[in-house]
Amino acid sequence: MLDFTLPASRLKSLRTGNLVVPEAAAIFRVEGPGALTCLQGLLTSDLAAPGDASLSYGALLTPKGMIVVDPWVIRETDRFTLVLDGAGHEAAAQLLKRVLPPRLARLSDLTGEWSAAVLLGTCAVDRFARANGCPVPAAGQVVSLPDGLALLAAGTPQAPFSALLAGPASELTRRLEHATVERADASAVAAARVLAGWPSLGREIDERTLPQEVRFDELGAVSYVKGCYTGQETVARVHFRGHVNRTLRGVRLPGGEPLADRTLRLAGKEAGTLRTALLLEDRVIGLAIVRREIENGTTLLAGEREATLVGLPFDSA
């Protein structure tokens, strides 16, 4: 549970500006003749349908359907680059080493050797591509920089960023120096994620989280037609025969002060928990896990402060 502070005037630049934020990412490479088949049997999303040079988001699950990690996956024919929150490095490494057959899908841990960054704002991708002599990728598509080392992947329509960059650390640093993009810090990424209604590992996602509890359906991160994968039985059963008991929601509170109490209550009973709070000058917006039956528009209490539930993504902040 974390607070991030951002000037309200900065919100506009997240959508229309020209920002870059280095990420503390874990990065893995999976390649070989069976890489696609193996990853299809692990990820909740479909990697085959988008085709070559594509960017997808999904999750690796436990056999009981709980989220282990939630990587972005860059596909280049039979080579796949997985980029995920650095906090998930050890869990991802253990899972991938255990299940991937080396003869079919070779695993390389590029963490440390490679780095990643996100571009925020509609201007950022154009300026970076122009400065580095590469085309601007369409949404959900990937292009290689001229030297073939680094990759520029445009975000999907729901993504909290304009583009994802991944490549050798020194190369990525050099490329960013050529581009007229403004450096920003983690608060900018957190704000973009809150506005997009995007969950994060260790905040909205923990070891007991099911994909449908954190909007994976709406984010295009679950396929119900591609075939079997680890944890699919639970995910399919929830989708076709039942429902989850809690869901990810947006929250608005007046006043820009930090919250002393993250527990949300309705009529004196616990209704949910605020997991990420974005502090603006005169208000707080955030992401909360809340009981499914409580409707958007309901006023809850966080300590003595009123909190209104809203749908995601935020139409405006």
# chains A, B, ... in the order shown; residues from 1 in each chain; ligands from 1
call {"tool": "select_by_dssp", "arguments": {"residues": "region 95-201 of chain A", "states": "strand (DSSP E or B)", "output": "list in words"}}
result
Arg106, Leu107, Ser108, Asp109, Thr111, Trp114, Ser115, Ala116, Ala117, Val118, Leu119, Leu120, Gln141, Val142, Val143, Ser144, Leu151, Leu152, Ala153, Ala154, Ala163, Leu164, Leu165, Ala166, Gly167, Pro168, Glu182, Arg183 and Leu201 of chain A
call {"tool": "write_last_selection", "arguments": {"atoms": "N, CA and C atoms", "output": "mmCIF file, in the first residue's frame"}}
result
data_model
loop_
_atom_site.group_PDB
_atom_site.id
_atom_site.type_symbol
_atom_site.label_atom_id
_atom_site.label_comp_id
_atom_site.auth_asym_id
_atom_site.auth_seq_id
_atom_site.Cartn_x
_atom_site.Cartn_y
_atom_site.Cartn_z
ATOM 1 N N ARG A 106 14.492 -22.090 -24.766
ATOM 2 C CA ARG A 106 15.654 -21.714 -23.956
ATOM 3 C C ARG A 106 15.354 -20.444 -23.167
ATOM 4 N N LEU A 107 15.682 -20.478 -21.898
ATOM 5 C CA LEU A 107 15.430 -19.350 -21.010
ATOM 6 C C LEU A 107 16.724 -18.612 -20.708
ATOM 7 N N SER A 108 16.706 -17.287 -20.863
ATOM 8 C CA SER A 108 17.836 -16.436 -20.475
ATOM 9 C C SER A 108 17.317 -15.353 -19.537
ATOM 10 N N ASP A 109 18.004 -15.180 -18.420
ATOM 11 C CA ASP A 109 17.663 -14.119 -17.484
ATOM 12 C C ASP A 109 18.510 -12.895 -17.846
ATOM 13 N N THR A 111 17.961 -9.811 -16.698
ATOM 14 C CA THR A 111 17.849 -8.778 -15.665
ATOM 15 C C THR A 111 19.229 -8.253 -15.276
ATOM 16 N N TRP A 114 19.978 -6.165 -19.346
ATOM 17 C CA TRP A 114 19.011 -5.336 -20.059
ATOM 18 C C TRP A 114 18.284 -4.447 -19.064
ATOM 19 N N SER A 115 17.727 -3.358 -19.574
ATOM 20 C CA SER A 115 16.886 -2.486 -18.759
ATOM 21 C C SER A 115 15.645 -2.126 -19.557
ATOM 22 N N ALA A 116 14.706 -1.477 -18.886
ATOM 23 C CA ALA A 116 13.453 -1.092 -19.529
ATOM 24 C C ALA A 116 13.077 0.312 -19.093
ATOM 25 N N ALA A 117 12.243 0.944 -19.894
ATOM 26 C CA ALA A 117 11.712 2.264 -19.573
ATOM 27 C C ALA A 117 10.343 2.375 -20.218
ATOM 28 N N VAL A 118 9.508 3.245 -19.656
ATOM 29 C CA VAL A 118 8.208 3.498 -20.264
ATOM 30 C C VAL A 118 8.148 4.939 -20.731
ATOM 31 N N LEU A 119 7.478 5.137 -21.844
ATOM 32 C CA LEU A 119 7.226 6.466 -22.381
ATOM 33 C C LEU A 119 5.784 6.836 -22.062
ATOM 34 N N LEU A 120 5.575 8.057 -21.562
ATOM 35 C CA LEU A 120 4.253 8.541 -21.197
ATOM 36 C C LEU A 120 3.918 9.770 -22.025
ATOM 37 N N GLN A 141 2.053 -3.027 -31.208
ATOM 38 C CA GLN A 141 3.065 -3.536 -32.137
ATOM 39 C C GLN A 141 4.468 -3.116 -31.696
ATOM 40 N N VAL A 142 5.476 -3.803 -32.264
ATOM 41 C CA VAL A 142 6.868 -3.636 -31.842
ATOM 42 C C VAL A 142 7.744 -3.357 -33.047
ATOM 43 N N VAL A 143 8.715 -2.441 -32.884
ATOM 44 C CA VAL A 143 9.733 -2.227 -33.903
ATOM 45 C C VAL A 143 11.102 -2.321 -33.237
ATOM 46 N N SER A 144 12.091 -2.749 -34.004
ATOM 47 C CA SER A 144 13.466 -2.770 -33.529
ATOM 48 C C SER A 144 14.136 -1.466 -33.891
ATOM 49 N N LEU A 151 14.297 -2.568 -28.360
ATOM 50 C CA LEU A 151 12.959 -2.743 -28.888
ATOM 51 C C LEU A 151 12.051 -1.633 -28.388
ATOM 52 N N LEU A 152 11.190 -1.134 -29.273
ATOM 53 C CA LEU A 152 10.213 -0.113 -28.939
ATOM 54 C C LEU A 152 8.830 -0.705 -29.187
ATOM 55 N N ALA A 153 8.050 -0.857 -28.127
ATOM 56 C CA ALA A 153 6.734 -1.486 -28.224
ATOM 57 C C ALA A 153 5.661 -0.490 -27.830
ATOM 58 N N ALA A 154 4.749 -0.189 -28.748
ATOM 59 C CA ALA A 154 3.660 0.731 -28.433
ATOM 60 C C ALA A 154 2.654 0.044 -27.523
ATOM 61 N N ALA A 163 4.419 3.707 -24.640
ATOM 62 C CA ALA A 163 5.308 2.700 -25.220
ATOM 63 C C ALA A 163 6.215 2.142 -24.149
ATOM 64 N N LEU A 164 6.698 0.936 -24.424
ATOM 65 C CA LEU A 164 7.645 0.243 -23.561
ATOM 66 C C LEU A 164 8.950 0.092 -24.325
ATOM 67 N N LEU A 165 10.051 0.441 -23.682
ATOM 68 C CA LEU A 165 11.385 0.279 -24.266
ATOM 69 C C LEU A 165 12.116 -0.824 -23.516
ATOM 70 N N ALA A 166 12.825 -1.668 -24.246
ATOM 71 C CA ALA A 166 13.641 -2.704 -23.616
ATOM 72 C C ALA A 166 14.881 -2.926 -24.462
ATOM 73 N N GLY A 167 16.011 -3.109 -23.789
ATOM 74 C CA GLY A 167 17.254 -3.339 -24.516
ATOM 75 C C GLY A 167 18.439 -3.375 -23.574
ATOM 76 N N PRO A 168 19.637 -3.645 -24.111
ATOM 77 C CA PRO A 168 20.841 -3.609 -23.273
ATOM 78 C C PRO A 168 20.936 -2.277 -22.537
ATOM 79 N N GLU A 182 11.524 14.158 -21.570
ATOM 80 C CA GLU A 182 11.744 14.645 -20.215
ATOM 81 C C GLU A 182 11.735 13.490 -19.224
ATOM 82 N N ARG A 183 12.732 13.436 -18.367
ATOM 83 C CA ARG A 183 12.787 12.387 -17.351
ATOM 84 C C ARG A 183 11.748 12.659 -16.260
ATOM 85 N N LEU A 201 1.777 -5.606 -9.195
ATOM 86 C CA LEU A 201 2.233 -6.679 -8.330
ATOM 87 C C LEU A 201 2.656 -6.112 -6.983
#
call {"tool": "residues_around", "arguments": {"residues": "Pro254 (chain A)", "least_positions_apart": "6", "cutoff": "7 Å", "atoms": "only C-alpha atoms", "output": "ChimeraX atom specification"}}
result
/A:282-284
call {"tool": "write_last_selection", "arguments": {"atoms": "C-alpha atoms", "output": "tab-separated table (two decimals), in the first residue's frame"}}
result
chain	number	residue	atom	x	y	z
A	282	ASP	CA	-7.07	19.05	-3.34
A	283	ARG	CA	-8.10	15.41	-3.72
A	284	VAL	CA	-7.00	11.82	-3.65
call {"tool": "select_by_dssp", "arguments": {"residues": "region 106-220 of chain A", "states": "alpha helix (DSSP H)", "output": "PyMOL selection string"}}
result
chain A and resi 122-131+169-178+186-196
call {"tool": "write_last_selection", "arguments": {"atoms": "C-alpha atoms", "output": "PDB file, in the first residue's frame"}}
result
ATOM      1  CA  THR A 122       1.310  11.040 -26.980  1.00  0.00           C
ATOM      2  CA  CYS A 123       4.347  13.119 -27.959  1.00  0.00           C
ATOM      3  CA  ALA A 124       6.917  10.837 -26.356  1.00  0.00           C
ATOM      4  CA  VAL A 125       6.773   7.942 -28.832  1.00  0.00           C
ATOM      5  CA  ASP A 126       6.952  10.209 -31.889  1.00  0.00           C
ATOM      6  CA  ARG A 127       9.924  12.135 -30.536  1.00  0.00           C
ATOM      7  CA  PHE A 128      11.819   9.033 -29.454  1.00  0.00           C
ATOM      8  CA  ALA A 129      11.223   7.267 -32.781  1.00  0.00           C
ATOM      9  CA  ARG A 130      12.219  10.325 -34.802  1.00  0.00           C
ATOM     10  CA  ALA A 131      15.401  10.860 -32.776  1.00  0.00           C
ATOM     11  CA  ALA A 169      21.244  -1.139 -20.424  1.00  0.00           C
ATOM     12  CA  SER A 170      24.038   0.919 -21.991  1.00  0.00           C
ATOM     13  CA  GLU A 171      22.291   0.979 -25.355  1.00  0.00           C
ATOM     14  CA  LEU A 172      19.013   2.127 -23.874  1.00  0.00           C
ATOM     15  CA  THR A 173      20.761   4.926 -21.969  1.00  0.00           C
ATOM     16  CA  ARG A 174      22.457   6.081 -25.157  1.00  0.00           C
ATOM     17  CA  ARG A 175      19.216   6.029 -27.128  1.00  0.00           C
ATOM     18  CA  LEU A 176      17.350   8.022 -24.513  1.00  0.00           C
ATOM     19  CA  GLU A 177      20.064  10.673 -24.516  1.00  0.00           C
ATOM     20  CA  HIS A 178      19.437  11.233 -28.228  1.00  0.00           C
ATOM     21  CA  ALA A 186       7.942   6.626 -10.346  1.00  0.00           C
ATOM     22  CA  SER A 187       5.099   8.914  -9.268  1.00  0.00           C
ATOM     23  CA  ALA A 188       4.335   9.655 -12.928  1.00  0.00           C
ATOM     24  CA  VAL A 189       4.040   5.948 -13.754  1.00  0.00           C
ATOM     25  CA  ALA A 190       1.919   5.365 -10.648  1.00  0.00           C
ATOM     26  CA  ALA A 191      -0.392   8.192 -11.648  1.00  0.00           C
ATOM     27  CA  ALA A 192      -0.751   6.838 -15.184  1.00  0.00           C
ATOM     28  CA  ARG A 193      -1.484   3.396 -13.771  1.00  0.00           C
ATOM     29  CA  VAL A 194      -4.146   4.733 -11.398  1.00  0.00           C
ATOM     30  CA  LEU A 195      -5.849   6.681 -14.172  1.00  0.00           C
ATOM     31  CA  ALA A 196      -5.871   3.588 -16.400  1.00  0.00           C
TER      32      ALA A 196
END
call {"tool": "atom_distance", "arguments": {"atom1": "CA of Thr77 (chain A)", "atom2": "CA of Phe28 (chain A)"}}
result
15.8 Å
call {"tool": "atom_distance", "arguments": {"atom1": "CA of Asn296 (chain A)", "atom2": "CA of Arg249 (chain A)"}}
result
8.2 Å
call {"tool": "closest_residue", "arguments": {"among": "A:Ala138, A:Val73, A:Val238, A:Ala302", "to": "Ala221 (chain A)", "atoms": "only C-alpha atoms"}}
result
A:Val73
call {"tool": "atom_distance", "arguments": {"atom1": "CA of Ala288 (chain A)", "atom2": "CA of Arg208 (chain A)"}}
result
15.3 Å
call {"tool": "closest_atom_pairs", "arguments": {"of": "region 84-187 of chain A", "to": "region 311-314 of chain A", "cutoff": "12 Å", "atoms": "only C-alpha atoms", "output": "Markdown table"}}
result
| residue | atom | partner | partner_atom | distance |
| --- | --- | --- | --- | --- |
| A:Pro157 | CA | A:Pro313 | CA | 11.7 |
| A:Gln158 | CA | A:Pro313 | CA | 8.7 |
| A:Ala159 | CA | A:Pro313 | CA | 10.5 |
| A:Pro160 | CA | A:Pro313 | CA | 10.0 |
call {"tool": "write_last_selection", "arguments": {"atoms": "C-alpha atoms", "output": "compact mmCIF listing (two decimals), in the first residue's frame"}}
result
# COMPACT_ATOMS: atom_id res chain seq x y z
CA PRO A 157 -5.24 0.72 -26.05
CA GLN A 158 -5.76 0.00 -22.34
CA ALA A 159 -2.10 0.24 -21.29
CA PRO A 160 -0.97 2.86 -18.75
call {"tool": "residues_around", "arguments": {"residues": "region 80-92 of chain A", "least_positions_apart": "3", "cutoff": "9 Å", "atoms": "only C-alpha atoms", "output": "ChimeraX atom specification"}}
result
/A:23-31,35-36,39,60,68-77,95-97,111,116,166,200-202
call {"tool": "write_last_selection", "arguments": {"atoms": "N, CA and C atoms", "output": "short mmCIF file (atom, residue, chain, number, x, y, z; two decimals), in the first residue's frame"}}
result
data_model
loop_
_atom_site.label_atom_id
_atom_site.label_comp_id
_atom_site.auth_asym_id
_atom_site.auth_seq_id
_atom_site.Cartn_x
_atom_site.Cartn_y
_atom_site.Cartn_z
N GLU A 23 12.47 1.91 -15.59
CA GLU A 23 11.77 0.93 -14.77
C GLU A 23 12.74 -0.02 -14.09
N ALA A 24 12.44 -0.38 -12.85
CA ALA A 24 13.20 -1.42 -12.16
C ALA A 24 12.58 -2.76 -12.54
N ALA A 25 12.92 -3.24 -13.72
CA ALA A 25 12.24 -4.39 -14.30
C ALA A 25 13.07 -5.66 -14.24
N ALA A 26 12.36 -6.77 -14.17
CA ALA A 26 12.97 -8.08 -14.42
C ALA A 26 12.70 -8.43 -15.87
N ILE A 27 13.72 -8.92 -16.57
CA ILE A 27 13.59 -9.18 -18.00
C ILE A 27 14.11 -10.58 -18.32
N PHE A 28 13.29 -11.35 -19.01
CA PHE A 28 13.65 -12.71 -19.41
C PHE A 28 13.47 -12.86 -20.91
N ARG A 29 14.29 -13.73 -21.49
CA ARG A 29 14.18 -14.07 -22.91
C ARG A 29 13.86 -15.56 -23.01
N VAL A 30 12.84 -15.89 -23.80
CA VAL A 30 12.49 -17.27 -24.09
C VAL A 30 12.49 -17.43 -25.60
N GLU A 31 13.29 -18.36 -26.10
CA GLU A 31 13.40 -18.53 -27.56
C GLU A 31 13.61 -19.99 -27.91
N ALA A 35 9.06 -22.27 -28.22
CA ALA A 35 8.83 -21.16 -27.29
C ALA A 35 7.37 -20.72 -27.28
N LEU A 36 6.78 -20.57 -28.46
CA LEU A 36 5.39 -20.12 -28.52
C LEU A 36 4.46 -21.14 -27.85
N LEU A 39 4.95 -21.11 -23.99
CA LEU A 39 4.40 -19.93 -23.33
C LEU A 39 2.88 -19.86 -23.44
N LEU A 60 1.21 -15.29 -15.36
CA LEU A 60 1.56 -16.67 -15.06
C LEU A 60 0.84 -17.00 -13.76
N VAL A 68 0.90 -15.24 -10.22
CA VAL A 68 2.28 -15.27 -9.72
C VAL A 68 3.00 -13.99 -10.14
N VAL A 69 3.01 -13.72 -11.44
CA VAL A 69 3.58 -12.48 -11.99
C VAL A 69 2.75 -12.09 -13.21
N ASP A 70 2.88 -10.84 -13.63
CA ASP A 70 2.07 -10.33 -14.75
C ASP A 70 2.97 -9.63 -15.77
N PRO A 71 3.62 -10.39 -16.66
CA PRO A 71 4.56 -9.78 -17.59
C PRO A 71 3.92 -9.16 -18.83
N TRP A 72 4.61 -8.15 -19.35
CA TRP A 72 4.42 -7.74 -20.74
C TRP A 72 5.31 -8.65 -21.59
N VAL A 73 4.79 -9.09 -22.72
CA VAL A 73 5.53 -10.03 -23.56
C VAL A 73 5.68 -9.45 -24.97
N ILE A 74 6.93 -9.29 -25.38
CA ILE A 74 7.26 -8.83 -26.73
C ILE A 74 7.58 -10.05 -27.58
N ARG A 75 6.83 -10.22 -28.66
CA ARG A 75 7.07 -11.37 -29.53
C ARG A 75 7.82 -10.96 -30.79
N GLU A 76 8.90 -11.68 -31.07
CA GLU A 76 9.63 -11.55 -32.33
C GLU A 76 9.76 -12.95 -32.92
N THR A 77 8.79 -13.36 -33.70
CA THR A 77 8.72 -14.71 -34.28
C THR A 77 8.80 -15.76 -33.17
N LEU A 95 9.64 -20.25 -11.61
CA LEU A 95 8.57 -20.88 -12.38
C LEU A 95 9.05 -21.25 -13.78
N LEU A 96 9.68 -20.30 -14.46
CA LEU A 96 10.11 -20.55 -15.84
C LEU A 96 11.19 -21.63 -15.92
N LYS A 97 12.13 -21.63 -14.98
CA LYS A 97 13.17 -22.66 -14.96
C LYS A 97 12.57 -24.05 -14.74
N THR A 111 17.96 -9.81 -16.70
CA THR A 111 17.85 -8.78 -15.67
C THR A 111 19.23 -8.25 -15.28
N ALA A 116 14.71 -1.48 -18.89
CA ALA A 116 13.45 -1.09 -19.53
C ALA A 116 13.08 0.31 -19.09
N ALA A 166 12.82 -1.67 -24.25
CA ALA A 166 13.64 -2.70 -23.62
C ALA A 166 14.88 -2.93 -24.46
N SER A 200 -1.01 -3.52 -9.95
CA SER A 200 0.43 -3.74 -9.86
C SER A 200 0.72 -4.86 -8.88
N LEU A 201 1.78 -5.61 -9.20
CA LEU A 201 2.23 -6.68 -8.33
C LEU A 201 2.66 -6.11 -6.98
N GLY A 202 2.22 -6.75 -5.90
CA GLY A 202 2.57 -6.30 -4.56
C GLY A 202 1.68 -5.20 -4.03
#
